[in-house]
Structure formats: C-alpha cells, structure tokens
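Read through the structure below, which is laid out as structure tokens, and then see the notes.
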Amino acid sequence: CFASDGFMFDKIMIANRGEIACRVMESARKMGVKTVALYSDADAASKHVAMADEAFRLGPAPASESYLLGDKILNIAKDCGAQAVHPGYGFLSENEHFAKACAANDVTFIGPPASAIHDMGSKSASKDIMIAAGVPVTPGYHGDDQSMETLQREADNMGYPVMIKAVLGGGGKGMRIVRSSDGLRDGVDACKREAIA
C-alpha cells in the first residue's frame with residue numbers, strides 16, 4: 001500500500017465488496033494499513049464489512065445506487081481520512097472520471113492512471129499503443145475510413161472469417177464473427193446497434 005512516491009498509506013478505502021475487498025484488506029492488514037469498507041444494504045452483514053477497521057453504508061442493493069456512486073464514495077473517503085481508494089475490479093476500477101476525481105481531491109486512486117483507463121477504453125487506441133510498443137497483435141483494419149465500401153474491401157483482402165468489433169463498448173458488446181463476404185454488412189449493422197445499446 002504505497003503511493004508512487006514511496007509514501008505508505010495509513011488508511012485506504014476499498015470501493016468494492018466480497019472476495020476482492022477481503023483480499024485487499026488482508027494485504028493491507030499485513031502491512032499495518034487500516035482499511036475502510038463500503039457496503040450496500042444487501043452486503044451489510046458481509047465478511048468484508050466485518051474485516052474492515054471502519055465501514056460505511058452506501059445505499060440500497062443496486063450498484064447504481066451504491067457501488068457506482070463515485071462522488072459519494074469520494075466524499076466518504078475524504079470524511080474518514082482515507083488517503084487512497086482501491087477500486088478492486090468492476091464497478092469503478094475502469095472509470096476514468098472517478099480516477100480523475102480522486103486525483104483532483106488529493107485521494108490516491110490505487111490503479112492505473114486516468115489516461116491509461118481512457119486509452120484502454122478504446123479498442124482501437126489500445127491496439128495502436130500495443131503496436132507502438134512492439135506487442136504482437138491480430139492483424140486487422142483500424143483506419144479512419146469506416147465506410148461500408150472500405151470495410152468490405154479490407155475484409156475481402158484479409159479473407160474470412162473475420163471478427164468485427166465496435167471501437168467502443170465492452171463486455172463482448174458490438175462483436176461479430178462474419179464467415180463470408182455477403183454477411184459483412186449485416187454484421188457491421190448489428191455491431192453498431194449493440195455498441196450504442
């Protein structure tokens with residue numbers, strides 16, 4: 001539980017629940033760092049709440065009313081004196097705006113910098129970063145011209161099957177395997193609909 005400058009935190013907040021929160025707390029405890037748990041109404045009697053040095057209620061069970069309330073979480077962190085927030089995984093762990101808000105409020109976000117979260121949120125940008133770093137990547141077309149004619153030509157040149165993926169969107173949304181040239185247009189249209197849904 002060290003900051004990038006080598007400073008060791010006295011107290012961290014874990015903005016998550018369940019096993020990931022317990023693991024972070026166990027590691028922090030071994031390092032002598034106090035922990036703060038957050039919980040929704042559904043998690044009030046959970047192990048991570050009992051393990052923490054302090055615990056604060058976020059709200060009702062739905063994540064949109066509890067674990068995704070970045071402003072409320074950050075206010076609790078400041079009010080209780082937590083110097084850092086560990087997001088665990090899911091919830092706020094890939095939220096660029098939350099990472100920026102932490103920095104703006106002098107609370108360390110224990111995770112990647114907001115710029116990395118931003119870059120990795122775009123499949124196209126992240127692939128360009130990997131290519132620039134010399135990491136082998138699957139060949140494909142990522143050009144600015146996203147017209148159907150260009151996409152058709154590029155896919156035909158690569159050969160089938162091809163996978164098409166919306167630039168933004170995650171969790172498997174906006175992905176399609178196209179097995180032949182005549183299915184590309186339908187696949188692209190389906191990806192676009194899913195990515196904005």
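Identifiers for the structure tokens are assigned positionally: chains receive A, B, ... in sequence, residues are indexed from 1 per chain, and ligands are indexed from 1 in the order shown.
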
Exercise: His97 of chain A partners within 9 Å, only C-alpha atoms, chain neighbours under 5 positions left out, as a PDB file with all heavy atoms, in the first residue's frame:
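The resulting file, result-v4.pdb, is shown below:
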```
ATOM      1  N   GLY A  70     -19.628   7.329  -7.434  1.00  0.00           N
ATOM      2  CA  GLY A  70     -18.267   7.825  -7.256  1.00  0.00           C
ATOM      3  C   GLY A  70     -18.152   9.039  -6.371  1.00  0.00           C
ATOM      4  O   GLY A  70     -17.263   9.121  -5.512  1.00  0.00           O
ATOM      5  N   CYS A 102     -10.568  11.471  -7.965  1.00  0.00           N
ATOM      6  CA  CYS A 102      -9.687  11.149  -6.832  1.00  0.00           C
ATOM      7  C   CYS A 102      -8.467  12.062  -6.847  1.00  0.00           C
ATOM      8  O   CYS A 102      -8.131  12.679  -5.825  1.00  0.00           O
ATOM      9  CB  CYS A 102      -9.254   9.678  -6.888  1.00  0.00           C
ATOM     10  SG  CYS A 102     -10.543   8.497  -6.436  1.00  0.00           S
ATOM     11  N   ALA A 114      -5.681   7.767 -14.932  1.00  0.00           N
ATOM     12  CA  ALA A 114      -6.883   8.045 -15.735  1.00  0.00           C
ATOM     13  C   ALA A 114      -6.583   8.000 -17.230  1.00  0.00           C
ATOM     14  O   ALA A 114      -7.404   7.528 -18.017  1.00  0.00           O
ATOM     15  CB  ALA A 114      -7.464   9.400 -15.348  1.00  0.00           C
TER      16      ALA A 114
END
```

Straight-line distance linking atom CA of Ser115 of chain A with atom CA of Lys127 of chain A, stated in Å to one decimal
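Atom-to-atom, atom CA of Ser115 of chain A and atom CA of Lys127 of chain A are spaced 15.0 Å apart.
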
Where in segment 73-194 of chain A does DSSP assign strand (DSSP E), given as an MDAnalysis selection string?
chainID A and resid 84:86 108:109 162:165 175:178

Write down as a ChimeraX atom specification the residues of segment 6-181 of chain A whose backbone DSSP state falls under alpha helix (DSSP H).
/A:18-30,47-51,70-80,96-104,114-121,123-132,148-158

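For Ile110 of chain A, the residues within 7 Å (counting only C-alpha atoms, excluding itself and residues fewer than 3 positions away along the chain) are Ala84, Val85 and His86 of chain A.
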